[in-house]
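Okay, entry.txt is below, compact mmCIF, C-alpha atoms and all ligand atoms:
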# COMPACT_ATOMS: atom_id res chain seq x y z
CA MET A 7 160.67 73.52 142.40
CA TYR A 8 159.13 70.58 140.52
CA ASN A 9 157.37 72.17 137.57
CA PHE A 10 154.55 70.08 136.10
CA ASN A 11 152.80 72.94 134.28
CA SER A 12 151.17 72.13 130.95
CA GLY A 13 152.47 75.15 129.09
CA PRO A 14 154.41 77.32 129.25
CA ALA A 15 156.27 74.43 130.79
CA ALA A 16 159.57 73.18 132.14
CA LEU A 17 162.68 73.45 129.97
CA PRO A 18 165.98 71.64 130.58
CA LYS A 19 168.18 73.52 133.06
CA GLU A 20 171.14 73.60 130.65
CA VAL A 21 168.92 75.24 128.00
CA LEU A 22 167.87 77.94 130.48
CA GLN A 23 171.48 78.48 131.57
CA GLN A 24 172.74 78.85 128.00
CA ALA A 25 169.87 81.21 127.12
CA ALA A 26 170.66 83.30 130.21
CA ASP A 27 174.33 83.54 129.21
CA ASP A 28 173.38 84.51 125.66
CA ILE A 29 171.10 87.27 126.87
CA LEU A 30 174.22 88.97 128.21
CA HIS A 31 176.66 87.97 125.53
CA PHE A 32 175.82 86.15 122.31
CA GLN A 33 178.19 87.41 119.63
CA ASN A 34 180.57 90.37 119.26
CA GLY A 35 179.46 91.87 122.57
CA LEU A 36 175.78 91.83 121.60
CA SER A 37 172.94 90.11 123.44
CA ILE A 38 170.84 87.57 121.52
CA LEU A 39 167.98 90.03 122.17
CA GLU A 40 169.83 92.75 120.25
CA MET A 41 170.69 90.83 117.09
CA PRO A 42 169.11 91.92 113.79
CA HIS A 43 166.97 89.18 112.36
CA ARG A 44 168.63 89.40 108.96
CA SER A 45 172.16 89.06 110.36
CA ALA A 46 174.21 86.01 109.34
CA ALA A 47 174.16 84.77 112.94
CA ILE A 48 170.37 84.73 113.20
CA LYS A 49 170.00 83.26 109.72
CA ALA A 50 172.27 80.47 110.96
CA VAL A 51 170.11 80.00 114.09
CA ILE A 52 166.96 79.65 111.98
CA SER A 53 168.53 77.35 109.47
CA GLU A 54 170.10 75.07 112.12
CA SER A 55 166.76 74.90 113.97
CA GLU A 56 164.98 73.85 110.76
CA ASP A 57 167.64 71.21 110.05
CA LEU A 58 167.36 69.78 113.57
CA VAL A 59 163.56 69.56 113.27
CA ARG A 60 164.04 67.61 110.03
CA SER A 61 166.54 65.20 111.47
CA LEU A 62 164.79 64.67 114.83
CA LEU A 63 161.51 63.86 113.08
CA ASN A 64 163.18 62.02 110.22
CA LEU A 65 161.38 64.14 107.63
CA GLY A 66 161.86 63.53 103.93
CA ASP A 67 162.88 66.20 101.39
CA ASP A 68 159.22 66.56 100.49
CA TYR A 69 158.62 68.46 103.77
CA GLU A 70 159.30 72.10 104.60
CA VAL A 71 159.76 73.64 108.05
CA CYS A 72 158.85 77.16 109.16
CA TRP A 73 158.55 79.17 112.39
CA MET A 74 155.46 81.34 112.68
CA GLN A 75 153.75 83.51 115.31
CA GLY A 76 150.25 83.74 116.72
CA GLY A 77 150.22 80.41 118.58
CA GLY A 78 147.76 77.59 118.05
CA ARG A 79 144.82 79.86 117.41
CA ALA A 80 146.49 81.61 114.46
CA GLN A 81 146.94 78.16 112.90
CA PHE A 82 143.26 77.34 113.59
CA ALA A 83 142.38 80.34 111.37
CA MET A 84 145.17 80.19 108.78
CA ILE A 85 144.66 76.56 107.79
CA PRO A 86 141.10 77.08 106.48
CA MET A 87 142.02 80.54 105.16
CA ASN A 88 144.67 78.91 102.96
CA PHE A 89 143.31 75.47 102.17
CA LEU A 90 139.52 75.48 102.38
CA LYS A 91 137.92 76.07 98.99
CA PRO A 92 134.27 77.21 98.81
CA GLU A 93 133.10 73.97 97.14
CA GLN A 94 134.74 71.73 99.77
CA ALA A 95 134.38 71.04 103.49
CA ALA A 96 137.10 70.45 106.09
CA GLY A 97 136.71 67.43 108.38
CA PHE A 98 137.37 67.49 112.12
CA ILE A 99 137.89 64.80 114.74
CA ASN A 100 136.60 66.47 117.86
CA SER A 101 138.66 65.05 120.71
CA GLY A 102 138.51 68.06 123.01
CA HIS A 103 138.37 71.80 123.50
CA TRP A 104 141.27 72.67 121.17
CA ALA A 105 140.02 70.37 118.43
CA GLU A 106 136.60 71.99 118.68
CA GLU A 107 138.11 75.47 118.65
CA ALA A 108 139.98 74.58 115.45
CA MET A 109 136.63 73.53 113.94
CA ASN A 110 134.86 76.69 115.15
CA TYR A 111 137.59 78.87 113.66
CA ALA A 112 137.34 77.04 110.32
CA ALA A 113 133.59 77.74 110.20
CA TYR A 114 134.42 81.45 109.68
CA TYR A 115 135.99 80.53 106.34
CA GLY A 116 133.97 77.65 104.93
CA LYS A 117 132.12 74.41 105.47
CA THR A 118 133.09 72.05 108.28
CA LEU A 119 132.17 68.45 108.98
CA GLU A 120 132.53 66.81 112.37
CA ILE A 121 133.71 63.31 111.49
CA ALA A 122 133.72 62.01 115.07
CA SER A 123 133.38 63.45 118.54
CA SER A 124 133.92 62.31 122.12
CA LYS A 125 132.13 65.32 123.60
CA THR A 126 129.34 63.23 125.10
CA ASP A 127 132.03 61.14 126.85
CA GLU A 128 133.39 64.37 128.32
CA TYR A 129 136.41 63.82 126.05
CA HIS A 130 137.72 60.97 128.21
CA CYS A 131 138.59 59.02 125.05
CA ILE A 132 139.62 59.56 121.45
CA PRO A 133 136.49 59.32 119.27
CA GLN A 134 136.42 56.57 116.67
CA TRP A 135 136.03 57.59 113.06
CA THR A 136 134.50 55.62 110.19
CA ASN A 137 133.99 56.53 106.56
CA ILE A 138 135.93 59.70 105.98
CA PRO A 139 134.44 61.31 102.83
CA GLU A 140 137.10 61.46 100.13
CA ASP A 141 136.16 64.91 98.88
CA LEU A 142 137.17 66.79 102.06
CA ALA A 143 139.82 69.49 101.71
CA TYR A 144 141.63 68.01 104.72
CA VAL A 145 141.01 66.26 108.03
CA HIS A 146 142.15 68.02 111.20
CA LEU A 147 142.98 66.25 114.45
CA THR A 148 144.70 67.08 117.74
CA THR A 149 147.20 64.32 118.51
CA ASN A 150 147.35 65.01 122.25
CA ASN A 151 144.53 66.58 124.21
CA THR A 152 146.30 68.71 126.80
CA ILE A 153 143.21 69.36 128.93
CA TYR A 154 141.84 65.78 129.14
CA GLY A 155 145.03 63.69 128.99
CA THR A 156 144.12 61.64 125.93
CA GLN A 157 146.34 60.90 122.96
CA PHE A 158 146.03 59.40 119.48
CA PHE A 159 147.95 56.15 118.98
CA ASP A 160 146.36 55.36 115.58
CA PHE A 161 145.62 57.74 112.78
CA PRO A 162 143.01 57.74 110.03
CA ASP A 163 144.00 55.80 106.95
CA THR A 164 142.64 58.10 104.27
CA LYS A 165 143.62 59.72 100.98
CA VAL A 166 142.40 63.05 102.34
CA PRO A 167 145.32 65.24 103.57
CA LEU A 168 145.82 65.01 107.33
CA VAL A 169 146.46 68.17 109.34
CA ALA A 170 147.61 67.65 112.93
CA ASP A 171 147.86 69.93 115.93
CA MET A 172 150.80 68.31 117.76
CA SER A 173 151.22 71.16 120.23
CA SER A 174 151.49 68.99 123.32
CA ASP A 175 153.22 65.88 122.02
CA ILE A 176 155.62 66.86 119.28
CA PHE A 177 159.15 65.46 119.86
CA SER A 178 157.81 63.16 122.57
CA ARG A 179 157.62 59.96 120.50
CA GLN A 180 158.66 58.60 117.16
CA LEU A 181 155.93 58.59 114.54
CA ASP A 182 155.74 58.01 110.85
CA PHE A 183 155.28 61.64 109.87
CA LYS A 184 154.56 60.58 106.28
CA HIS A 185 150.91 60.25 107.35
CA PHE A 186 150.65 64.00 107.81
CA ASP A 187 150.45 66.79 105.25
CA LEU A 188 150.65 69.65 107.71
CA ILE A 189 151.73 69.59 111.35
CA TYR A 190 151.84 72.49 113.75
CA ALA A 191 152.89 72.85 117.36
CA VAL A 192 153.08 75.83 119.69
CA ALA A 193 156.53 76.07 121.23
CA GLN A 194 155.53 76.55 124.86
CA LYS A 195 155.08 72.87 125.77
CA ASN A 196 157.73 70.59 124.34
CA ILE A 197 159.83 72.94 122.22
CA GLY A 198 160.72 76.23 123.90
CA PRO A 199 159.20 79.46 125.20
CA ALA A 200 155.87 80.89 123.99
CA GLY A 201 156.05 83.13 120.94
CA ALA A 202 157.09 80.72 118.22
CA THR A 203 154.95 78.10 116.48
CA LEU A 204 156.52 75.31 114.50
CA VAL A 205 154.82 74.44 111.21
CA ILE A 206 155.84 71.53 109.00
CA ALA A 207 154.19 70.88 105.65
CA LYS A 208 154.51 68.76 102.55
CA THR A 209 155.48 70.89 99.56
CA ASP A 210 152.65 69.28 97.58
CA PHE A 211 150.14 70.32 100.21
CA LEU A 212 151.48 73.90 100.31
CA ASN A 213 150.98 74.03 96.55
CA ARG A 214 147.27 73.38 97.14
CA GLN A 215 146.92 76.81 98.76
CA ALA A 216 143.57 77.88 97.38
CA ASN A 217 143.37 81.53 98.17
CA SER A 218 145.47 84.59 97.61
CA LEU A 219 146.12 86.20 100.98
CA PRO A 220 148.17 88.99 102.55
CA GLY A 221 151.71 87.68 103.11
CA ILE A 222 151.44 87.36 106.87
CA PHE A 223 148.53 84.90 106.52
CA SER A 224 149.82 83.01 103.49
CA TYR A 225 151.69 79.73 104.12
CA LYS A 226 153.37 79.94 100.70
CA THR A 227 154.78 83.38 101.48
CA LEU A 228 155.87 82.48 105.01
CA PHE A 229 157.54 79.20 103.98
CA ASN A 230 159.24 80.81 100.96
CA ALA A 231 160.69 83.47 103.25
CA HIS A 232 162.26 80.79 105.51
CA SER A 233 160.73 81.94 108.81
CA ALA A 234 161.74 85.58 108.23
CA TYR A 235 158.98 87.15 106.12
CA ASN A 236 158.62 89.76 108.84
CA THR A 237 160.57 90.06 112.10
CA PRO A 238 160.47 86.60 113.66
CA PRO A 239 160.44 85.94 117.44
CA VAL A 240 164.22 85.52 117.43
CA PHE A 241 164.67 84.75 121.12
CA ALA A 242 161.88 82.15 121.21
CA ILE A 243 163.37 80.47 118.13
CA TYR A 244 166.86 80.61 119.64
CA CYS A 245 165.73 78.96 122.90
CA SER A 246 163.90 76.36 120.82
CA LEU A 247 167.15 75.71 118.95
CA LEU A 248 168.98 75.17 122.27
CA ASN A 249 166.27 72.71 123.27
CA LEU A 250 166.44 70.91 119.90
CA ARG A 251 170.22 70.55 120.36
CA TRP A 252 169.56 69.12 123.84
CA LEU A 253 167.05 66.70 122.29
CA CYS A 254 169.58 65.58 119.67
CA ASN A 255 172.09 64.84 122.44
CA VAL A 256 169.57 62.77 124.36
CA GLY A 257 168.22 61.09 121.20
CA MET A 258 164.61 60.44 120.24
CA ASP A 259 164.79 56.75 121.20
CA THR A 260 165.80 57.63 124.74
CA ILE A 261 163.28 60.47 124.97
CA GLU A 262 160.45 58.17 123.96
CA ARG A 263 161.56 55.43 126.37
CA GLN A 264 161.84 57.93 129.24
CA ASN A 265 158.42 59.37 128.44
CA ARG A 266 156.88 55.89 128.56
CA GLU A 267 158.61 55.12 131.88
CA LYS A 268 157.52 58.40 133.48
CA ALA A 269 153.89 57.94 132.43
CA ALA A 270 153.85 54.26 133.47
CA LEU A 271 155.14 55.15 136.94
CA LEU A 272 152.52 57.81 137.51
CA TYR A 273 149.59 55.81 136.07
CA GLN A 274 150.58 52.81 138.15
CA VAL A 275 150.31 54.84 141.35
CA ILE A 276 147.01 56.39 140.26
CA ASP A 277 145.58 52.96 139.35
CA GLY A 278 146.64 51.54 142.71
CA SER A 279 145.25 54.45 144.72
CA LYS A 280 142.01 54.54 146.72
CA ILE A 281 141.80 58.32 146.71
CA PHE A 282 142.98 59.27 143.21
CA LYS A 283 141.31 58.16 140.00
CA GLY A 284 142.48 58.64 136.41
CA THR A 285 139.97 60.34 134.11
CA ALA A 286 141.02 59.17 130.64
CA GLN A 287 140.08 55.75 129.25
CA LYS A 288 143.12 53.48 129.61
CA ALA A 289 143.59 52.73 125.91
CA HIS A 290 143.77 56.42 125.08
CA ARG A 291 145.58 57.91 128.00
CA SER A 292 148.30 60.37 127.23
CA LEU A 293 152.02 59.95 127.86
CA MET A 294 152.32 63.73 128.12
CA ASN A 295 149.45 65.02 130.26
CA VAL A 296 148.21 62.80 133.07
CA CYS A 297 144.77 63.80 134.37
CA PHE A 298 143.19 62.50 137.57
CA ARG A 299 140.74 63.44 140.30
CA GLY A 300 140.66 63.14 144.06
CA ASN A 301 137.72 61.28 145.61
CA ASN A 302 136.13 64.53 146.79
CA PRO A 303 136.75 68.31 146.61
CA GLU A 304 138.25 68.37 150.14
CA THR A 305 140.83 65.72 149.25
CA GLU A 306 141.71 67.64 146.10
CA GLU A 307 142.17 70.90 147.98
CA ALA A 308 144.21 69.22 150.72
CA PHE A 309 146.44 67.40 148.25
CA LEU A 310 147.11 70.57 146.23
CA ASN A 311 148.24 72.32 149.42
CA PHE A 312 150.33 69.37 150.57
CA ALA A 313 151.99 69.01 147.15
CA ARG A 314 152.77 72.74 147.09
CA GLN A 315 154.56 72.37 150.43
CA GLN A 316 156.66 69.59 148.88
CA GLY A 317 157.83 71.89 146.09
CA ILE A 318 155.36 70.68 143.46
CA SER A 319 153.82 73.27 141.18
CA GLY A 320 151.49 73.26 138.17
CA ILE A 321 149.39 70.16 138.90
CA LYS A 322 145.99 71.84 139.16
CA GLY A 323 143.70 70.62 136.36
CA HIS A 324 142.50 72.94 133.61
CA ARG A 325 139.85 75.31 134.93
CA SER A 326 137.19 73.74 132.69
CA VAL A 327 137.59 70.22 134.16
CA GLY A 328 139.14 70.60 137.63
CA GLY A 329 141.10 67.87 139.42
CA PHE A 330 144.76 67.40 138.62
CA ARG A 331 146.85 67.47 135.48
CA VAL A 332 150.54 66.60 135.42
CA ALA A 333 152.57 67.45 132.33
CA LEU A 334 155.38 65.00 131.68
CA TYR A 335 157.05 66.83 128.81
CA ASN A 336 160.60 65.94 127.77
CA ALA A 337 162.34 68.22 130.27
CA ILE A 338 160.76 66.40 133.23
CA ASN A 339 162.99 63.57 134.42
CA ILE A 340 162.06 60.31 136.14
CA GLU A 341 163.39 61.56 139.52
CA GLU A 342 160.88 64.41 139.44
CA VAL A 343 158.06 61.96 138.73
CA SER A 344 159.33 59.70 141.53
CA HIS A 345 159.16 62.65 143.89
CA LEU A 346 155.57 63.35 142.86
CA VAL A 347 154.43 59.75 143.31
CA LYS A 348 156.12 59.54 146.73
CA VAL A 349 154.27 62.69 147.75
CA MET A 350 150.99 61.17 146.51
CA GLN A 351 151.62 57.93 148.41
CA HIS A 352 152.69 59.74 151.56
CA PHE A 353 149.55 61.88 151.41
CA GLU A 354 147.32 58.84 150.91
CA ALA A 355 148.95 56.93 153.80
CA ASN A 356 148.99 59.78 156.31
CA TYR A 357 146.29 62.32 155.67
CA GLN A 358 143.22 60.29 154.83
N1 LIG B 1 146.40 73.28 120.75
C1 LIG B 1 146.67 72.58 121.88
C2 LIG B 1 146.78 71.08 121.81
C3 LIG B 1 146.84 73.26 123.09
O1 LIG B 1 147.11 72.57 124.22
C4 LIG B 1 146.72 74.67 123.12
C5 LIG B 1 146.90 75.41 124.42
N2 LIG B 1 148.13 75.89 124.64
C6 LIG B 1 146.44 75.35 121.93
C7 LIG B 1 146.28 74.61 120.76
C8 LIG B 1 146.26 76.84 121.89
O2 LIG B 1 147.50 77.47 121.79
P1 LIG B 1 147.63 79.05 121.95
O3 LIG B 1 147.37 79.39 123.37
O4 LIG B 1 149.06 79.29 121.53
O5 LIG B 1 146.65 79.67 120.99
Can you dump the structure from the file as structure tokens?
Ligand code: PMP
Amino acid sequence: MYNFNSGPAALPKEVLQQAADDILHFQNGLSILEMPHRSAAIKAVISESEDLVRSLLNLGDDYEVCWMQGGGRAQFAMIPMNFLKPEQAAGFINSGHWAEEAMNYAAYYGKTLEIASSKTDEYHCIPQWTNIPEDLAYVHLTTNNTIYGTQFFDFPDTKVPLVADMSSDIFSRQLDFKHFDLIYAVAQKNIGPAGATLVIAKTDFLNRQANSLPGIFSYKTLFNAHSAYNTPPVFAIYCSLLNLRWLCNVGMDTIERQNREKAALLYQVIDGSKIFKGTAQKAHRSLMNVCFRGNNPETEEAFLNFARQQGISGIKGHRSVGGFRVALYNAINIEEVSHLVKVMQHFEANYQ
């Protein structure tokens, strides 16, 4: 099967194989699923995973790393819960559904300000921001818009702390992470299985925590407990560690180059097609999620069926926008993308 799902998504075969072996036998006759979370072995898993995140992203000592639960939506709520003071507002760049959800969640806790929005463009581009007020508690943005296939390539230059949802493009490209005060990413796209959420924050920003909260919702408590305040999702973290080791072996330079090649190949075929049309504006189109439409609903239906027969799964667009969406996360290799484009070209040549 060629798995182009947008999340949960494809993982490298060797990661799946190792995880399968470790389900049966991890250490001293125990399965990884049976290991106590406070055992030395699991502490070592957590600490190695945090170290690999640091080195892969080239993070300075002023950053801390923590695994949490609750997915993207828990972060949408916890960020304002922790960092939005009553006298301040949080700013949002509304580049799509998830960005808007983050803003809607924040409104439960305090004031929000929409700095820019591409809603009227049906989110086919990244909105342009001007004049970010300096008194905001933070500015939130979503670096890759999984549903619409758009991605940020520039970031606001502001003194206000930047908070980024990098769920669908973390570890896909090299960035200067110094721009960001808090970064979060659900595991189920480019990291590992669902159940773990990676959160990275500057110590200085964590110290700004405004409100006293129950431990499970407090960043300070969760970070101070090194991902084990309560029982963490050990297996999801372990699979993420296997994937991070795989990423280290491949190297971030190579990963980024491969991601650019995969996206270029697919966009080239879409741009040259008479029956498929890309939906995102060219300057903002994503290297991770490629969105396109067929020229009519019949073509779309026929292509989905044809692709399925050729072993391709997961290319149906998000239910809110329709069409097609192809995730090109790290585990997808160029041969798989070549297969997809050949299937697209074959379909266009023979069935139209
Ligand atoms: N942010 C982004 C960019 C997403 O693509 C998604 C969807 N997986 C979410 C947040 C929401 O994540 P969750 O389903 O874990 O709440």
>> At a cut-off of 7 Å, using all atoms listed in the file, what residues contact segment 9-24 of chain A? Leave out same-chain residues fewer than 2 positions from it and give the result as a PyMOL selection string.
In response: chain A and resi 7+26-28+194-195+198-200+248-249+318-321+332-334+337-338
Can you tell me which residues sit at most 10 Å away from ligand LIG 1 (chain B), counting only C-alpha atoms and all ligand atoms, written as a PDB file with C-alpha atoms, in the coordinates of the input?
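Writing done, so here's part.pdb:
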ATOM      1  CA  SER A  12     151.170  72.130 130.950  1.00  0.00           C
ATOM      2  CA  GLY A  13     152.470  75.150 129.090  1.00  0.00           C
ATOM      3  CA  PRO A  14     154.410  77.320 129.250  1.00  0.00           C
ATOM      4  CA  GLN A  75     153.750  83.510 115.310  1.00  0.00           C
ATOM      5  CA  GLY A  76     150.250  83.740 116.720  1.00  0.00           C
ATOM      6  CA  GLY A  77     150.220  80.410 118.580  1.00  0.00           C
ATOM      7  CA  GLY A  78     147.760  77.590 118.050  1.00  0.00           C
ATOM      8  CA  ARG A  79     144.820  79.860 117.410  1.00  0.00           C
ATOM      9  CA  ALA A  80     146.490  81.610 114.460  1.00  0.00           C
ATOM     10  CA  GLN A  81     146.940  78.160 112.900  1.00  0.00           C
ATOM     11  CA  PHE A  82     143.260  77.340 113.590  1.00  0.00           C
ATOM     12  CA  GLY A 102     138.510  68.060 123.010  1.00  0.00           C
ATOM     13  CA  HIS A 103     138.370  71.800 123.500  1.00  0.00           C
ATOM     14  CA  TRP A 104     141.270  72.670 121.170  1.00  0.00           C
ATOM     15  CA  ALA A 105     140.020  70.370 118.430  1.00  0.00           C
ATOM     16  CA  GLU A 107     138.110  75.470 118.650  1.00  0.00           C
ATOM     17  CA  ALA A 108     139.980  74.580 115.450  1.00  0.00           C
ATOM     18  CA  LEU A 147     142.980  66.250 114.450  1.00  0.00           C
ATOM     19  CA  THR A 148     144.700  67.080 117.740  1.00  0.00           C
ATOM     20  CA  THR A 149     147.200  64.320 118.510  1.00  0.00           C
ATOM     21  CA  ASN A 150     147.350  65.010 122.250  1.00  0.00           C
ATOM     22  CA  ASN A 151     144.530  66.580 124.210  1.00  0.00           C
ATOM     23  CA  THR A 152     146.300  68.710 126.800  1.00  0.00           C
ATOM     24  CA  ILE A 153     143.210  69.360 128.930  1.00  0.00           C
ATOM     25  CA  TYR A 154     141.840  65.780 129.140  1.00  0.00           C
ATOM     26  CA  ALA A 170     147.610  67.650 112.930  1.00  0.00           C
ATOM     27  CA  ASP A 171     147.860  69.930 115.930  1.00  0.00           C
ATOM     28  CA  MET A 172     150.800  68.310 117.760  1.00  0.00           C
ATOM     29  CA  SER A 173     151.220  71.160 120.230  1.00  0.00           C
ATOM     30  CA  SER A 174     151.490  68.990 123.320  1.00  0.00           C
ATOM     31  CA  ASP A 175     153.220  65.880 122.020  1.00  0.00           C
ATOM     32  CA  TYR A 190     151.840  72.490 113.750  1.00  0.00           C
ATOM     33  CA  ALA A 191     152.890  72.850 117.360  1.00  0.00           C
ATOM     34  CA  VAL A 192     153.080  75.830 119.690  1.00  0.00           C
ATOM     35  CA  ALA A 193     156.530  76.070 121.230  1.00  0.00           C
ATOM     36  CA  GLN A 194     155.530  76.550 124.860  1.00  0.00           C
ATOM     37  CA  LYS A 195     155.080  72.870 125.770  1.00  0.00           C
ATOM     38  CA  ALA A 200     155.870  80.890 123.990  1.00  0.00           C
ATOM     39  CA  GLY A 201     156.050  83.130 120.940  1.00  0.00           C
ATOM     40  CA  ALA A 202     157.090  80.720 118.220  1.00  0.00           C
ATOM     41  CA  THR A 203     154.950  78.100 116.480  1.00  0.00           C
ATOM     42  CA  ASN A 295     149.450  65.020 130.260  1.00  0.00           C
TER      43      ASN A 295
END
>> Excluding Val169 of chain A and its own-chain neighbours fewer than 5 positions away, which residues fall within 6 Å of it when counting all atoms listed in the file? Please give them as a list in words.
In response: Val145, His146, Asp187, Leu188 and Ile189 of chain A
> What lies within 9 Å of segment 92-100 of chain A using only C-alpha atoms, ignoring chain neighbours under 2 positions off, as an MDAnalysis selection string?
Replying inline: chainID A and resid 86 89:90 102:106 108:109 112 115:125 129 132:135 138:139 141:148
> Quick one: residues within 9 Å of segment 278-288 of chain A, all atoms listed in the file counted, chain neighbours fewer than 4 positions away excluded, as a PyMOL selection string?
Replying inline: chain A and resi 129-132+154-156+273-274+292+296-302+305-306+350-351+354+358
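The closest residue to Ala50 of chain A, picked from A:Ile176, A:Val347, A:Leu247, A:Ile261 and counting all atoms listed in the file, is A:Leu247.
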>> Excluding Phe229 of chain A and its own-chain neighbours fewer than 6 positions away, which residues fall within 10 Å of it when counting only C-alpha atoms? Please give them as a list in words.
In response: Glu70, Val71, Cys72, Trp73, Met74, Val205, Ile206, Ala207, Thr209, Leu212 and Tyr235 of chain A
>> Just to confirm, what's the straight-line distance from atom CA of Ala83 of chain A to atom CA of Tyr111 of chain A in Å (one decimal)?
In response: 5.5 Å
> Which value, in Å to one decimal, gives the distance between atom CA of Phe159 of chain A and atom CA of Glu262 of chain A?
Replying inline: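 Calculated distance between atom CA of Phe159 of chain A and atom CA of Glu262 of chain A is 13.6 Å.
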>> Measuring between only C-alpha atoms, which one of A:Asn137, A:Tyr225, A:Phe177, A:Leu250 shows the shortest distance to Asp57 of chain A?
In response: A:Leu250
>> What does the structure give for the distance between atom CA of Asp127 of chain A and atom CA of Val327 of chain A, in Å to one decimal?
In response: 12.9 Å
> Within 10 Å of (173.7, 86.6, 119.5), only C-alpha atoms: residues as a ChimeraX atom specification?
Replying inline: /A:28-42,45,47-48,51,240-241,244
> At most 6 Å from (152.9, 58.6, 129.9), file frame, all atoms listed in the file: which residues, as a VMD selection string?
Replying inline: chain A and resid 265 to 266 268 to 270 292 to 294
> Counting only C-alpha atoms, which of A:Arg179, A:Arg251, A:Asn230, A:Tyr114 gets nearest to Leu58 of chain A?
Replying inline: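 Result for the nearest residue to Leu58 of chain A: A:Arg251.
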Could you add N, CA and C atoms to segment 19-32 of chain A and give me the result as a short mmCIF file (atom, residue, chain, number, x, y, z; two decimals), in the frame of the given file?
data_model
loop_
_atom_site.label_atom_id
_atom_site.label_comp_id
_atom_site.auth_asym_id
_atom_site.auth_seq_id
_atom_site.Cartn_x
_atom_site.Cartn_y
_atom_site.Cartn_z
N LYS A 19 167.40 72.50 132.36
CA LYS A 19 168.18 73.52 133.06
C LYS A 19 169.32 74.05 132.20
N GLU A 20 170.00 73.14 131.45
CA GLU A 20 171.14 73.60 130.65
C GLU A 20 170.69 74.53 129.52
N VAL A 21 169.46 74.34 129.03
CA VAL A 21 168.92 75.24 128.00
C VAL A 21 168.70 76.62 128.62
N LEU A 22 168.13 76.66 129.81
CA LEU A 22 167.87 77.94 130.48
C LEU A 22 169.19 78.65 130.78
N GLN A 23 170.18 77.88 131.23
CA GLN A 23 171.48 78.48 131.57
C GLN A 23 172.13 79.09 130.33
N GLN A 24 172.12 78.34 129.23
CA GLN A 24 172.74 78.85 128.00
C GLN A 24 172.00 80.10 127.50
N ALA A 25 170.66 80.06 127.57
CA ALA A 25 169.87 81.21 127.12
C ALA A 25 170.19 82.42 127.99
N ALA A 26 170.34 82.20 129.30
CA ALA A 26 170.66 83.30 130.21
C ALA A 26 172.02 83.90 129.85
N ASP A 27 173.00 83.05 129.60
CA ASP A 27 174.33 83.54 129.21
C ASP A 27 174.24 84.35 127.92
N ASP A 28 173.45 83.84 126.97
CA ASP A 28 173.38 84.51 125.66
C ASP A 28 172.58 85.80 125.69
N ILE A 29 171.78 85.97 126.73
CA ILE A 29 171.10 87.27 126.87
C ILE A 29 172.14 88.35 127.17
N LEU A 30 173.17 87.99 127.91
CA LEU A 30 174.22 88.97 128.21
C LEU A 30 175.24 89.06 127.09
N HIS A 31 175.62 87.93 126.56
CA HIS A 31 176.66 87.97 125.53
C HIS A 31 176.42 86.84 124.54
N PHE A 32 176.03 87.18 123.33
CA PHE A 32 175.82 86.15 122.31
C PHE A 32 176.96 86.17 121.29
#
